[in-house]
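Structure file input36.txt; described as compact mmCIF, C-alpha atoms and all ligand atoms.
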# COMPACT_ATOMS: atom_id res chain seq x y z
CA MET A 187 -170.51 -113.95 35.11
CA ARG A 188 -169.95 -115.08 31.52
CA LYS A 189 -169.51 -112.63 28.69
CA SER A 190 -172.85 -111.71 27.08
CA ASN A 191 -173.53 -112.23 23.37
CA SER A 192 -176.25 -109.55 23.66
CA LEU A 193 -176.39 -105.97 24.91
CA PRO A 194 -176.81 -105.93 28.69
CA PRO A 195 -180.35 -105.06 29.82
CA ALA A 196 -180.60 -101.35 30.54
CA GLY A 197 -183.23 -98.61 30.50
CA HIS A 198 -186.17 -99.29 32.77
CA TYR A 199 -184.61 -102.52 34.13
CA ASN A 200 -182.13 -100.43 36.13
CA SER A 201 -184.79 -98.30 37.82
CA ASN A 202 -187.21 -101.19 38.38
CA TYR A 203 -184.61 -103.54 39.88
CA GLY A 204 -182.69 -100.77 41.68
CA ASN A 205 -185.86 -99.78 43.58
CA PHE A 206 -187.66 -103.13 43.56
CA GLN A 207 -188.26 -103.48 47.30
CA THR A 208 -189.38 -99.92 47.98
CA GLU A 209 -193.02 -99.32 48.94
CA LEU A 210 -193.47 -97.02 45.92
CA TYR A 211 -192.50 -99.67 43.35
CA ALA A 212 -194.44 -102.38 45.22
CA GLN A 213 -197.57 -100.19 45.03
CA VAL A 214 -197.09 -99.76 41.28
CA ARG A 215 -196.76 -103.53 40.82
CA HIS A 216 -199.81 -104.18 42.97
CA GLU A 217 -201.94 -101.84 40.86
CA ALA A 218 -200.47 -103.01 37.55
CA PHE A 219 -200.74 -106.76 38.14
CA GLY A 220 -203.58 -107.09 40.66
CA GLU A 221 -201.22 -109.22 42.76
CA ASP A 222 -197.60 -108.28 43.33
CA ILE A 223 -195.71 -111.58 43.13
CA GLY A 224 -192.41 -109.81 42.52
CA GLN A 225 -192.60 -109.89 38.74
CA ASN A 226 -191.10 -107.45 36.24
CA SER A 227 -192.83 -108.62 33.07
CA TRP A 228 -196.37 -109.04 31.69
CA LEU A 229 -197.07 -112.04 33.93
CA THR A 230 -200.08 -112.02 36.27
CA SER A 231 -200.72 -114.54 39.05
CA ASP A 232 -203.84 -116.00 37.39
CA GLU A 233 -201.87 -116.46 34.18
CA GLN A 234 -199.09 -118.21 36.11
CA ASP A 235 -201.68 -120.51 37.71
CA ARG A 236 -202.75 -121.60 34.20
CA PHE A 237 -199.12 -122.02 33.11
CA LEU A 238 -198.49 -124.27 36.12
CA GLU A 239 -201.07 -126.77 34.89
CA SER A 240 -198.74 -127.62 31.98
CA LEU A 241 -195.57 -127.96 34.02
CA ASN A 242 -196.29 -131.07 36.14
CA LEU A 243 -194.18 -129.81 39.05
CA SER A 244 -194.35 -131.33 42.53
CA VAL A 245 -192.23 -131.84 45.65
CA GLY A 246 -188.72 -132.95 44.71
CA ALA A 247 -188.86 -131.62 41.12
CA ARG A 248 -186.28 -129.08 39.89
CA LEU A 249 -187.19 -125.97 37.91
CA LEU A 250 -184.79 -123.64 36.10
CA ASP A 251 -186.19 -120.12 35.56
CA VAL A 252 -184.11 -118.37 32.89
CA ALA A 253 -183.97 -114.56 33.11
CA CYS A 254 -185.73 -114.80 36.47
CA GLY A 255 -185.56 -111.08 37.22
CA ALA A 256 -186.17 -110.40 40.93
CA GLY A 257 -187.24 -114.01 41.39
CA GLY A 258 -190.85 -113.46 42.47
CA PRO A 259 -192.51 -115.67 39.82
CA ALA A 260 -190.19 -118.66 40.39
CA LEU A 261 -190.52 -118.33 44.17
CA ARG A 262 -194.31 -118.39 43.85
CA ILE A 263 -194.01 -121.64 41.86
CA ALA A 264 -191.75 -123.14 44.56
CA ALA A 265 -194.25 -122.13 47.25
CA ILE A 266 -197.25 -123.61 45.40
CA THR A 267 -195.72 -126.85 44.11
CA GLY A 268 -193.00 -127.67 46.66
CA CYS A 269 -190.37 -127.92 43.89
CA SER A 270 -186.81 -126.58 44.08
CA ILE A 271 -185.83 -123.67 41.87
CA VAL A 272 -182.71 -122.26 40.28
CA GLY A 273 -183.06 -118.80 38.78
CA ILE A 274 -180.52 -117.12 36.54
CA ASP A 275 -180.39 -113.54 35.31
CA VAL A 276 -177.71 -111.23 33.98
CA HIS A 277 -178.86 -108.24 36.06
CA GLU A 278 -176.89 -108.22 39.35
CA GLN A 279 -179.43 -106.15 41.30
CA ALA A 280 -182.25 -108.43 40.22
CA VAL A 281 -180.34 -111.50 41.42
CA THR A 282 -179.47 -109.86 44.77
CA THR A 283 -183.15 -109.00 45.27
CA ALA A 284 -184.19 -112.53 44.29
CA ASN A 285 -181.96 -114.08 46.96
CA LEU A 286 -183.32 -111.63 49.55
CA LEU A 287 -186.91 -112.47 48.56
CA ALA A 288 -186.16 -116.19 48.86
CA GLY A 289 -185.13 -115.62 52.49
CA GLN A 290 -188.12 -113.36 53.20
CA ARG A 291 -190.53 -115.97 51.84
CA GLY A 292 -188.88 -118.79 53.83
CA LEU A 293 -187.75 -120.57 50.66
CA ALA A 294 -183.96 -120.14 50.81
CA GLU A 295 -183.37 -123.90 51.19
CA ARG A 296 -185.17 -124.65 47.92
CA ALA A 297 -184.19 -121.58 45.91
CA GLU A 298 -180.92 -120.42 44.42
CA PHE A 299 -180.44 -117.36 42.20
CA ARG A 300 -177.26 -116.73 40.23
CA SER A 301 -175.85 -114.04 37.92
CA ILE A 302 -175.46 -115.91 34.64
CA ASP A 303 -175.79 -114.86 31.02
CA ALA A 304 -178.45 -117.06 29.45
CA THR A 305 -176.97 -116.70 25.97
CA ALA A 306 -173.83 -118.66 26.95
CA PRO A 307 -173.50 -122.39 27.69
CA LEU A 308 -175.02 -122.92 31.15
CA PRO A 309 -173.10 -124.47 34.09
CA PHE A 310 -175.58 -127.27 34.79
CA SER A 311 -175.46 -131.01 34.05
CA ASP A 312 -177.34 -132.76 31.24
CA SER A 313 -180.88 -133.85 32.13
CA SER A 314 -180.82 -132.04 35.49
CA PHE A 315 -184.16 -130.18 35.38
CA ASP A 316 -187.79 -131.34 35.24
CA ALA A 317 -188.93 -128.04 33.77
CA ILE A 318 -187.53 -124.79 32.41
CA THR A 319 -189.40 -121.48 32.25
CA CYS A 320 -188.44 -118.20 30.63
CA ILE A 321 -190.97 -115.39 31.02
CA ASP A 322 -190.88 -112.38 28.68
CA ALA A 323 -187.14 -112.54 28.14
CA ILE A 324 -186.38 -114.77 25.14
CA ASN A 325 -186.58 -111.64 22.98
CA HIS A 326 -183.38 -110.42 24.70
CA PHE A 327 -181.28 -113.35 23.42
CA SER A 328 -179.61 -112.99 20.03
CA ASN A 329 -178.99 -116.75 19.56
CA ARG A 330 -182.46 -118.24 20.14
CA GLN A 331 -181.81 -121.57 18.50
CA SER A 332 -178.66 -122.32 20.51
CA VAL A 333 -180.31 -121.07 23.73
CA ILE A 334 -183.23 -123.47 23.24
CA ALA A 335 -180.85 -126.29 22.27
CA GLU A 336 -179.03 -125.69 25.57
CA TRP A 337 -182.35 -125.91 27.44
CA VAL A 338 -183.04 -129.24 25.71
CA ARG A 339 -179.69 -130.51 26.99
CA LEU A 340 -180.64 -129.52 30.57
CA LEU A 341 -184.13 -131.03 30.52
CA LYS A 342 -184.81 -134.60 31.64
CA PRO A 343 -186.58 -136.77 29.05
CA GLY A 344 -190.29 -135.86 29.30
CA GLY A 345 -189.38 -132.51 30.88
CA ARG A 346 -191.32 -129.38 30.00
CA LEU A 347 -190.21 -126.06 28.58
CA LEU A 348 -192.51 -123.04 28.91
CA PHE A 349 -191.57 -119.66 27.50
CA THR A 350 -193.43 -116.52 26.53
CA ASP A 351 -192.40 -114.37 23.59
CA PRO A 352 -193.84 -110.84 23.88
CA ILE A 353 -192.09 -109.56 20.74
CA THR A 354 -193.89 -111.49 18.00
CA LEU A 355 -194.74 -109.50 14.88
CA THR A 356 -198.38 -109.87 13.87
CA GLY A 357 -198.82 -106.57 12.01
CA PRO A 358 -197.05 -103.45 10.82
CA LEU A 359 -194.88 -101.34 13.16
CA THR A 360 -193.33 -97.93 12.52
CA ASN A 361 -189.63 -97.32 13.05
CA ALA A 362 -190.51 -95.10 16.05
CA GLU A 363 -192.61 -97.87 17.62
CA VAL A 364 -189.81 -100.41 17.13
CA ALA A 365 -187.27 -98.02 18.70
CA THR A 366 -189.43 -97.27 21.75
CA ARG A 367 -190.57 -100.87 22.24
CA SER A 368 -186.95 -102.08 22.20
CA SER A 369 -185.45 -99.44 24.49
CA ALA A 370 -184.14 -101.80 27.21
CA GLY A 371 -181.12 -103.57 25.72
CA PHE A 372 -181.06 -106.10 22.88
CA TYR A 373 -184.39 -107.14 21.29
CA LEU A 374 -185.17 -109.71 18.60
CA PHE A 375 -188.46 -109.17 16.74
CA VAL A 376 -189.66 -112.40 15.10
CA PRO A 377 -192.64 -113.21 12.85
CA HIS A 378 -195.36 -115.47 14.21
CA GLY A 379 -194.40 -119.06 13.37
CA TYR A 380 -190.68 -118.55 14.04
CA ASP A 381 -190.87 -119.85 17.63
CA GLU A 382 -192.87 -122.95 16.64
CA ARG A 383 -190.30 -123.76 13.95
CA THR A 384 -187.37 -123.25 16.33
CA ILE A 385 -188.99 -125.45 18.99
CA SER A 386 -189.47 -128.20 16.45
CA GLN A 387 -185.94 -127.79 14.97
CA CYS A 388 -184.56 -128.26 18.50
CA GLY A 389 -186.33 -131.62 18.74
CA LEU A 390 -189.06 -130.59 21.20
CA GLN A 391 -192.71 -131.56 20.86
CA LEU A 392 -194.98 -128.50 20.95
CA LEU A 393 -197.89 -129.03 23.35
CA VAL A 394 -199.39 -125.54 23.67
CA CYS A 395 -199.27 -122.27 21.74
CA GLU A 396 -201.61 -119.65 23.17
CA ASP A 397 -202.07 -115.98 22.38
CA THR A 398 -201.64 -113.97 25.61
CA THR A 399 -201.47 -110.52 24.00
CA ALA A 400 -204.57 -109.22 25.83
CA ASN A 401 -202.83 -109.78 29.18
CA MET A 402 -199.81 -107.77 27.99
CA ALA A 403 -202.04 -104.89 26.83
CA GLU A 404 -203.90 -104.80 30.15
CA VAL A 405 -200.74 -104.90 32.26
CA ALA A 406 -199.04 -102.22 30.14
CA GLU A 407 -202.07 -99.91 30.45
CA ALA A 408 -202.44 -100.54 34.19
CA ARG A 409 -198.72 -100.08 34.83
CA HIS A 410 -198.72 -96.83 32.87
CA ALA A 411 -201.71 -95.55 34.88
CA ALA A 412 -200.24 -96.67 38.23
CA ARG A 413 -197.00 -94.84 37.46
CA GLU A 414 -198.76 -91.74 36.14
CA SER A 415 -200.71 -91.37 39.39
CA ARG A 416 -197.39 -91.39 41.29
CA SER A 417 -195.47 -89.35 38.75
CA ALA A 418 -194.05 -86.77 41.16
CA ALA A 419 -192.54 -89.40 43.47
CA LEU A 420 -191.28 -91.55 40.58
CA ARG A 421 -189.72 -88.56 38.81
CA GLU A 422 -187.72 -87.85 41.95
CA VAL A 423 -186.37 -91.39 42.04
CA GLU A 424 -185.86 -92.01 38.31
CA GLY A 425 -185.27 -88.52 36.96
CA GLN A 426 -187.48 -86.84 34.38
CA GLN A 427 -185.95 -88.46 31.29
CA SER A 428 -186.03 -92.00 32.62
CA PHE A 429 -189.60 -91.61 33.95
CA ASP A 430 -190.81 -90.26 30.59
CA GLY A 431 -188.93 -93.00 28.72
CA GLN A 432 -190.61 -95.77 30.69
CA GLN A 433 -194.04 -94.13 30.31
CA GLU A 434 -193.55 -93.91 26.53
CA PHE A 435 -192.39 -97.55 26.47
CA LEU A 436 -195.55 -98.66 28.33
CA ALA A 437 -197.85 -96.52 26.17
CA VAL A 438 -196.40 -97.96 22.95
CA ALA A 439 -196.40 -101.52 24.36
CA ALA A 440 -200.10 -101.14 25.24
CA ARG A 441 -201.09 -99.62 21.88
CA VAL A 442 -199.32 -102.09 19.59
CA ALA A 443 -200.65 -105.00 21.68
CA ARG A 444 -204.24 -103.68 21.75
CA GLU A 445 -204.13 -103.24 17.99
CA GLY A 446 -202.78 -106.79 17.53
CA ARG A 447 -199.61 -105.60 15.78
CA LEU A 448 -197.05 -106.90 18.31
CA SER A 449 -198.23 -110.02 20.11
CA ARG A 450 -197.27 -112.21 23.03
CA PHE A 451 -197.53 -115.99 22.89
CA VAL A 452 -196.85 -118.72 25.42
CA TYR A 453 -195.33 -121.96 24.18
CA VAL A 454 -195.19 -125.19 26.16
CA SER A 455 -193.15 -128.04 24.75
CA LYS A 456 -191.87 -131.41 25.88
CA LYS A 457 -188.50 -133.13 25.56
CA LEU A 458 -189.10 -136.49 23.96
CA SER A 459 -187.77 -139.57 25.77
C1 LIG A 501 -189.07 -108.57 31.21
S1 LIG A 501 -187.84 -109.09 32.37
C2 LIG A 501 -188.60 -110.58 32.98
C3 LIG A 501 -188.08 -110.98 34.32
C4 LIG A 501 -188.78 -112.17 34.95
N1 LIG A 501 -188.85 -113.31 34.06
C5 LIG A 501 -190.18 -111.81 35.42
O1 LIG A 501 -191.16 -112.38 34.92
O2 LIG A 501 -190.28 -110.96 36.31
C6 LIG A 501 -186.54 -109.70 31.30
C7 LIG A 501 -185.32 -110.18 32.07
O3 LIG A 501 -184.35 -110.69 31.16
C8 LIG A 501 -183.09 -110.48 31.74
N2 LIG A 501 -182.05 -110.69 30.72
C9 LIG A 501 -181.83 -109.97 29.60
N3 LIG A 501 -180.79 -110.46 28.91
C10 LIG A 501 -180.36 -111.55 29.60
C11 LIG A 501 -179.31 -112.49 29.40
N4 LIG A 501 -178.50 -112.43 28.32
N5 LIG A 501 -179.14 -113.48 30.32
C12 LIG A 501 -179.95 -113.56 31.41
N6 LIG A 501 -180.95 -112.69 31.66
C13 LIG A 501 -181.15 -111.69 30.77
C14 LIG A 501 -183.20 -109.05 32.26
O4 LIG A 501 -182.18 -108.75 33.20
C15 LIG A 501 -184.60 -109.11 32.86
O5 LIG A 501 -184.55 -109.47 34.21
Is it possible to express this structure as structure tokens?
Amino acid sequence: MRKSNSLPPAGHYNSNYGNFQTELYAQVRHEAFGEDIGQNSWLTSDEQDRFLESLNLSVGARLLDVACGAGGPALRIAAITGCSIVGIDVHEQAVTTANLLAGQRGLAERAEFRSIDATAPLPFSDSSFDAITCIDAINHFSNRQSVIAEWVRLLKPGGRLLFTDPITLTGPLTNAEVATRSSAGFYLFVPHGYDERTISQCGLQLLVCEDTTANMAEVAEARHAARESRSAALREVEGQQSFDGQQEFLAVAARVAREGRLSRFVYVSKKLS
């Protein structure tokens, strides 16, 4: 694994990935997301279905999912479209789980997950992917412009990039809210407009910019409630401090999203020929 330019993901990522395949954590995901596709983000399956419409993926296409987590979202795309997927993430337990899930879902021949730091140059050839996705993770990279420039290098002409940014400032935040909302490693808070400018500076053509903050608020509230109703069991696994920390994170994430102060946007862009 390459050296990271950012703090390694910590906090709730360790408990969520460390216990990903247990029945307890699967139940929480099922209640939080409606459908447990193996995600660890704000992504729901109906949202992913809409995202897929912009990606033009079919049998034989290659998708790179950056910061793929436990791999569930990318594997669902492979199952629906017939494409091949490569997922990269810096969290070793997430990558191990992703490779296990690929086998369990019968997709091992079309899916590969690797421990790679997305903030470093990536070990793939120029123009080798039809699409790149990055769901709720770009906020963890300190060097956004060079990360997106690297994605442009990897995309084929006409290829699509889809990323969500759940850490877009659209109102005032207190120092306590910032500290709680950024309690899992490195976070970059950017004003609305920053992502559009960066996409354009990297030579991509912006096709879609959509506000998906309501989805984040709903998932954060539902995940908080699902965990609260299993608090005794989760406290035993995570410990009191870690359980409380994640609950506080989810409560703040829900509140600042509901009040439109910290927003989530999805951006789809195209590499020009
Ligand atoms: C909110 S999770 C999203 C995971 C996945 N995209 C999903 O939808 O389930 C953010 C992910 O970013 C990963 N991450 C953070 N910093 C990273 C880095 N420098 N390189 C690669 N992955 C990173 C974390 O390990 C975590 O899996």
**Message:** Any residue with an atom at most 8 Å from ligand LIG 501 (chain A) counts, using only C-alpha atoms and all ligand atoms. Which are they? Put them as JSON, numbers by chain.
**Reply:** {"A": [190, 191, 192, 193, 194, 195, 199, 224, 225, 226, 227, 228, 229, 251, 252, 253, 254, 255, 256, 257, 258, 259, 274, 275, 276, 277, 280, 301, 302, 303, 304, 305, 306, 320, 321, 322, 323, 324, 326, 327, 371, 372]}
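Of note, atom CA of A:Thr267 and atom CA of A:Arg296 are spaced 11.4 Å apart.
In this structure, atom CA of A:Phe451 sits 25.8 Å away from atom CA of A:Phe299.
Across A:Arg421, A:Arg346, A:Arg330, A:His410, the tightest approach to A:Thr384 is made by A:Arg330 when counting only C-alpha atoms.
With all atoms listed in the file as the basis for measurement, A:Ala317 is the residue among A:Ile223, A:Ala317, A:Ala412, A:Leu286 that approaches A:Leu243 most closely.
Distances here use only C-alpha atoms; by that measure, the residue among A:Ala437, A:Leu448, A:Leu355, A:Leu341 closest to A:Val376 is A:Leu355.
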Atoms are missing here; could stretch 377-402 of chain A be completed with N, CA and C atoms and written as an mmCIF file, in the frame of the given file?
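Generated output (out10.cif):
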data_model
loop_
_atom_site.group_PDB
_atom_site.id
_atom_site.type_symbol
_atom_site.label_atom_id
_atom_site.label_comp_id
_atom_site.auth_asym_id
_atom_site.auth_seq_id
_atom_site.Cartn_x
_atom_site.Cartn_y
_atom_site.Cartn_z
ATOM 1 N N PRO A 377 -191.270 -113.018 13.366
ATOM 2 C CA PRO A 377 -192.640 -113.210 12.850
ATOM 3 C C PRO A 377 -193.308 -114.380 13.553
ATOM 4 N N HIS A 378 -194.639 -114.348 13.616
ATOM 5 C CA HIS A 378 -195.360 -115.470 14.210
ATOM 6 C C HIS A 378 -195.072 -116.726 13.388
ATOM 7 N N GLY A 379 -194.779 -117.817 14.050
ATOM 8 C CA GLY A 379 -194.400 -119.060 13.370
ATOM 9 C C GLY A 379 -192.929 -119.389 13.606
ATOM 10 N N TYR A 380 -192.119 -118.352 13.843
ATOM 11 C CA TYR A 380 -190.680 -118.550 14.040
ATOM 12 C C TYR A 380 -190.404 -119.399 15.292
ATOM 13 N N ASP A 381 -191.117 -119.105 16.384
ATOM 14 C CA ASP A 381 -190.870 -119.850 17.630
ATOM 15 C C ASP A 381 -191.273 -121.315 17.476
ATOM 16 N N GLU A 382 -192.440 -121.564 16.845
ATOM 17 C CA GLU A 382 -192.870 -122.950 16.640
ATOM 18 C C GLU A 382 -191.815 -123.725 15.847
ATOM 19 N N ARG A 383 -191.306 -123.093 14.796
ATOM 20 C CA ARG A 383 -190.300 -123.760 13.950
ATOM 21 C C ARG A 383 -189.033 -124.053 14.755
ATOM 22 N N THR A 384 -188.612 -123.069 15.556
ATOM 23 C CA THR A 384 -187.370 -123.250 16.330
ATOM 24 C C THR A 384 -187.540 -124.360 17.356
ATOM 25 N N ILE A 385 -188.714 -124.391 18.004
ATOM 26 C CA ILE A 385 -188.990 -125.450 18.990
ATOM 27 C C ILE A 385 -188.865 -126.818 18.315
ATOM 28 N N SER A 386 -189.481 -126.912 17.143
ATOM 29 C CA SER A 386 -189.470 -128.200 16.450
ATOM 30 C C SER A 386 -188.052 -128.541 15.946
ATOM 31 N N GLN A 387 -187.316 -127.532 15.441
ATOM 32 C CA GLN A 387 -185.940 -127.790 14.970
ATOM 33 C C GLN A 387 -185.038 -128.254 16.117
ATOM 34 N N CYS A 388 -185.368 -127.853 17.345
ATOM 35 C CA CYS A 388 -184.560 -128.260 18.500
ATOM 36 C C CYS A 388 -184.982 -129.615 19.039
ATOM 37 N N GLY A 389 -185.943 -130.258 18.374
ATOM 38 C CA GLY A 389 -186.330 -131.620 18.740
ATOM 39 C C GLY A 389 -187.362 -131.698 19.849
ATOM 40 N N LEU A 390 -188.018 -130.577 20.165
ATOM 41 C CA LEU A 390 -189.060 -130.590 21.200
ATOM 42 C C LEU A 390 -190.421 -130.808 20.560
ATOM 43 N N GLN A 391 -191.332 -131.377 21.340
ATOM 44 C CA GLN A 391 -192.710 -131.560 20.860
ATOM 45 C C GLN A 391 -193.559 -130.425 21.413
ATOM 46 N N LEU A 392 -194.142 -129.635 20.512
ATOM 47 C CA LEU A 392 -194.980 -128.500 20.950
ATOM 48 C C LEU A 392 -196.298 -129.018 21.498
ATOM 49 N N LEU A 393 -196.635 -128.595 22.728
ATOM 50 C CA LEU A 393 -197.890 -129.030 23.350
ATOM 51 C C LEU A 393 -198.930 -127.910 23.339
ATOM 52 N N VAL A 394 -198.475 -126.672 23.552
ATOM 53 C CA VAL A 394 -199.390 -125.540 23.670
ATOM 54 C C VAL A 394 -198.801 -124.315 22.988
ATOM 55 N N CYS A 395 -199.631 -123.604 22.229
ATOM 56 C CA CYS A 395 -199.270 -122.270 21.740
ATOM 57 C C CYS A 395 -200.509 -121.420 21.949
ATOM 58 N N GLU A 396 -200.414 -120.433 22.819
ATOM 59 C CA GLU A 396 -201.610 -119.650 23.170
ATOM 60 C C GLU A 396 -201.298 -118.166 23.070
ATOM 61 N N ASP A 397 -202.226 -117.427 22.514
ATOM 62 C CA ASP A 397 -202.070 -115.980 22.380
ATOM 63 C C ASP A 397 -202.400 -115.304 23.713
ATOM 64 N N THR A 398 -201.423 -114.639 24.318
ATOM 65 C CA THR A 398 -201.640 -113.970 25.610
ATOM 66 C C THR A 398 -201.434 -112.454 25.466
ATOM 67 N N THR A 399 -201.708 -111.951 24.271
ATOM 68 C CA THR A 399 -201.470 -110.520 24.000
ATOM 69 C C THR A 399 -202.383 -109.629 24.851
ATOM 70 N N ALA A 400 -203.624 -110.069 25.083
ATOM 71 C CA ALA A 400 -204.570 -109.220 25.830
ATOM 72 C C ALA A 400 -204.031 -108.941 27.236
ATOM 73 N N ASN A 401 -203.411 -109.963 27.848
ATOM 74 C CA ASN A 401 -202.830 -109.780 29.180
ATOM 75 C C ASN A 401 -201.738 -108.709 29.164
ATOM 76 N N MET A 402 -200.904 -108.753 28.108
ATOM 77 C CA MET A 402 -199.810 -107.770 27.990
ATOM 78 C C MET A 402 -200.385 -106.355 27.851
#
